[in-house]
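Chemist: Questions regarding the structure given below will be posed in turn.
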Amino acid sequence: MWREHKHVFSISNVFKLKESKRAVNSIRSLVEEEDEEDDVEKVSWSGEPVGSISWSVKETESSIRSTGEVRDQSFPKIHTAPSLPKNSSGYSLSSLFKEHSEKLLTSLILYLLDCRWSVHDDVILLWQDYVSDWTPEETVKRMQQGKVYSLEKFRSLQDKLLLLDEAVNAHDGNVITAVLIYLKKSLSKEILFRELITREIALRHYIHYLKEIGEQKLLLMQYRDHLNVRDENKRRDFLKNCLSFPFSPDDATHVQDHYTLLERQIIIEANDKQVESSGQADIFKKYPRKASILNMPIITTLYYSCFYHYGESDGTFSSPANIRKTFRISDKQFLLTCLGARAKLKAWFDVDALFTTKNWLGYTKKRSPIGFHRIVDILQKNNAPVQVLQDYVNLVEDVEQKISLAQKYKCHDVIINTYRDLKDRQQLIVYRGKVERSSSEYRKIEEILSNSVRW
């Protein structure tokens with residue numbers, strides 16, 4: 001099927017032609033071969049809606065069902081023979097063409113004199129595909145058109161980001177996802193996530209891709225890594241972007257709380273800073289703030305609120321009651337935190353009010369969701385007076401524990417009254433020997449022992 005030409009070839013030309021045919025046939029086999037691996041990727045678009053990446057999952061599943069083997073890549077590849085020269089990114093046709101471009105071009109020209117022009121066009125086009133340095137815009141267009149392309153040419157971070165931005169501008173979800181897969185392989189997760197934070201559309205595709213391949217844990221790790229940002233505005237913007245991440249229900253609630261807390265801290269910090277500088281509030285004069293409330297944990301924020309904003313109405317952001325309700329703080333945690341703050345201020349009336357309840361008849365009684373022995377320890381650490389300690393040691397139900405605490409903190413009246421109520425005359429006599437003879441405790445024991453009605 002060869003065309004006739006007016007040229008008359010010598011024997012040497014015939015040999016050259018045969019060599020050229022073998023060379024081009026080897027090139028054709030390299031281009032058409034699809035059985036060996038290469039790192040040049042080609043996406044097979046299957047008509048899925050823009051933004052969808054589920055086709056890659058479907059391809060993998062269908063491959064498993066039909067061949068019983070798990071394919072390593074979601075995207076089919078352009079493959080080359082193993083005899084090609086290998087570089088850092090695998091076997092590359094472009095490296096072969098560039099290394100022997102002059103020789104190959106001569107062989108092609110000689111051979112194409114005796115071939116159909118259609119073959120000439122195909123080979124030249126394939127050659128151009130591999131030796132051309134496509135711009136990001138041209139590469140994206142080729143991806144959309146289903147043509148051969150290589151992302152390996154984009155090596156620097158700047159080039160990779162330009163490629164990603166061009167993919168986003170093309171409004172093609174499959175192209176965006178293909179570029180993101182390449183970036184995930186070629187960039188560290190920290191750098192990739194940092195760059196995606198400022199690219200909302202690309203970030204959403206990345207999140208969807210991680211969800212499809214079951215790598216939500218990677219997303220959570222990257223979220224936690226980026227919480228180290230100290231600038232509150234950048235941190236708030238980051239948390240706001242994270243609200244749309246496909247976290248588990250518990251993790252999603254945590255992220256929402258984190259964002260709400262930071263927003264509230266920014267408001268409280270700005271207000272308190274202004275009030276403190278103006279000297280309008282005595283609490284800030286007597287107890288100047290030692291640090292900013294920004295980026296503090298929720299319990300630290302609650303403590304701060306109980307210290308500086310106790311008694312405010314529930315409608316204010318800085319109110320302890322408002323914080324307790326918004327962040328679903330348990331009764332036990334709220335009590336411990338509030339107790340620590342008010343005891344630090346020696347506000348014993350407020351401490352007493354924390355535990356006082358009224359029944360429907362108007363009688364008051366002290367109740368606590370935690371043991372009163374723990375409350376005694378907290379009060380003692382904050383140098384509560386003996387009378388305050390005695391009131392709460394008396395509320396400890398276990399007798400041995402009550403006596404032990406009373407002896408530890410020298411609450412003599414509690415010990416004496418407990419032995420009296422137990423009618424333990426012997427222990428009263430023993431304890432009388434431990435107090436000073438001139439003390440009020442000694443006289444009280446004497447009075448109890450001399451009252452024959454009690455015994």
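A note on labels: chains of the structure tokens are A, B, ... as shown, every chain counts residues from 1, and ligands are counted from 1 in their shown order.
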Hey, what does DSSP flag as helix (DSSP H, G or I) within segment 207-386 of chain A? Can you give it to me as a ChimeraX atom specification?

Modeler: /A:207-212,216-228,232-242,249-278,282-286,298-308,320-326,331-344,348-355,372-381,386

Chemist: For Glu137 of chain A, please output as an mmCIF file with N, CA, C and O atoms, in the first residue's frame all residues within 9 Å (counting only C-alpha atoms; exclusion window: fewer than 4 positions along the same chain).

Modeler:
```cif
data_model
loop_
_atom_site.group_PDB
_atom_site.id
_atom_site.type_symbol
_atom_site.label_atom_id
_atom_site.label_comp_id
_atom_site.auth_asym_id
_atom_site.auth_seq_id
_atom_site.Cartn_x
_atom_site.Cartn_y
_atom_site.Cartn_z
ATOM 1 N N LYS A 141 -7.097 22.446 29.369
ATOM 2 C CA LYS A 141 -7.935 22.242 28.177
ATOM 3 C C LYS A 141 -7.772 20.827 27.636
ATOM 4 O O LYS A 141 -8.743 20.183 27.226
ATOM 5 N N ARG A 142 -6.534 20.331 27.611
ATOM 6 C CA ARG A 142 -6.304 18.971 27.143
ATOM 7 C C ARG A 142 -6.978 17.947 28.054
ATOM 8 O O ARG A 142 -7.504 16.934 27.596
ATOM 9 N N LEU A 162 -0.547 27.329 40.177
ATOM 10 C CA LEU A 162 -1.097 27.937 38.956
ATOM 11 C C LEU A 162 -1.975 26.930 38.220
ATOM 12 O O LEU A 162 -3.038 27.283 37.689
ATOM 13 N N LEU A 163 -1.526 25.683 38.171
ATOM 14 C CA LEU A 163 -2.311 24.622 37.538
ATOM 15 C C LEU A 163 -3.636 24.418 38.277
ATOM 16 O O LEU A 163 -4.695 24.298 37.655
ATOM 17 N N GLU A 166 -5.987 27.307 37.608
ATOM 18 C CA GLU A 166 -6.530 27.228 36.256
ATOM 19 C C GLU A 166 -7.636 26.172 36.180
ATOM 20 O O GLU A 166 -8.648 26.360 35.495
ATOM 21 N N ALA A 167 -7.441 25.062 36.901
ATOM 22 C CA ALA A 167 -8.466 24.016 36.941
ATOM 23 C C ALA A 167 -9.741 24.532 37.594
ATOM 24 O O ALA A 167 -10.854 24.240 37.143
ATOM 25 N N ALA A 170 -11.681 26.721 35.312
ATOM 26 C CA ALA A 170 -12.342 25.980 34.242
ATOM 27 C C ALA A 170 -13.702 25.427 34.682
ATOM 28 O O ALA A 170 -14.479 24.961 33.853
#
```

Chemist: Got a sec: who's within 7 Å of segment 439-452 of chain A, counting only C-alpha atoms, leaving out chain neighbours fewer than 5 positions off, as a list in words?

Modeler: His412, Ile416, Leu428 and Arg432 of chain A

Chemist: Please indicate the distance in Å from atom CA of Ile201 of chain A to atom CA of Asp133 of chain A, rounded to one decimal place.

Modeler: 26.9 Å

Chemist: What is the atom CA of Glu269 of chain A-atom CA of Lys290 of chain A distance in Å, reported with one decimal?

Modeler: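 We find that atom CA of Glu269 of chain A and atom CA of Lys290 of chain A lie 12.5 Å from each other.
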
Chemist: Quick one: everything within 10 Å of Arg425 of chain A, counting only C-alpha atoms, minus sequence neighbours fewer than 2 positions away in the same chain. Send it as a ChimeraX atom specification.

Modeler: /A:419-420,422-423,427-431,445,448-449,454-455

Chemist: Any chance you can output those residues with N, CA and C atoms as a tab-separated table (two decimals), in the first residue's frame?

Modeler:
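Just written: result_31.tsv:
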```tsv
chain	number	residue	atom	x	y	z
A	419	TYR	N	-18.10	13.12	118.14
A	419	TYR	CA	-17.96	12.17	119.26
A	419	TYR	C	-19.13	12.29	120.22
A	420	ARG	N	-19.61	13.51	120.40
A	420	ARG	CA	-20.77	13.72	121.27
A	420	ARG	C	-21.99	13.02	120.71
A	422	LEU	N	-22.04	10.56	118.69
A	422	LEU	CA	-21.82	9.11	118.73
A	422	LEU	C	-21.81	8.57	120.15
A	423	LYS	N	-21.87	9.48	121.13
A	423	LYS	CA	-21.81	9.14	122.56
A	423	LYS	C	-20.57	8.32	122.89
A	427	GLN	N	-13.42	8.55	123.39
A	427	GLN	CA	-12.74	9.37	122.37
A	427	GLN	C	-12.72	10.84	122.77
A	428	LEU	N	-13.77	11.29	123.47
A	428	LEU	CA	-13.78	12.67	123.95
A	428	LEU	C	-12.67	12.90	124.96
A	429	ILE	N	-12.50	11.91	125.85
A	429	ILE	CA	-11.46	12.03	126.87
A	429	ILE	C	-10.08	12.07	126.20
A	430	VAL	N	-9.88	11.20	125.19
A	430	VAL	CA	-8.61	11.17	124.48
A	430	VAL	C	-8.36	12.50	123.77
A	431	TYR	N	-9.39	13.02	123.15
A	431	TYR	CA	-9.21	14.26	122.38
A	431	TYR	C	-9.01	15.45	123.30
A	445	ILE	N	-15.45	20.27	125.89
A	445	ILE	CA	-15.38	18.83	126.17
A	445	ILE	C	-15.70	18.56	127.63
A	448	ILE	N	-19.43	18.69	128.22
A	448	ILE	CA	-20.13	17.52	127.68
A	448	ILE	C	-19.93	16.32	128.59
A	449	LEU	N	-18.70	16.12	129.05
A	449	LEU	CA	-18.40	14.96	129.89
A	449	LEU	C	-19.10	15.05	131.25
A	454	ARG	N	-26.35	13.03	129.22
A	454	ARG	CA	-25.90	12.53	127.94
A	454	ARG	C	-25.42	11.09	128.00
A	455	TRP	N	-24.98	10.67	129.12
A	455	TRP	CA	-24.39	9.34	129.23
A	455	TRP	C	-25.32	8.38	129.96
```

Chemist: Enter the distance from atom CA of Ser368 of chain A to atom CA of His258 of chain A, in Å, rounded to one decimal.

Modeler: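 Distance reported for this atom pair: 29.2 Å.
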
Chemist: Looking at only C-alpha atoms, which of A:Val388, A:Ile370, A:Val396, A:Ile299 is the one that sits closest to Ala343 of chain A?

Modeler: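 Smallest distance to Ala343 of chain A is found for A:Val388.
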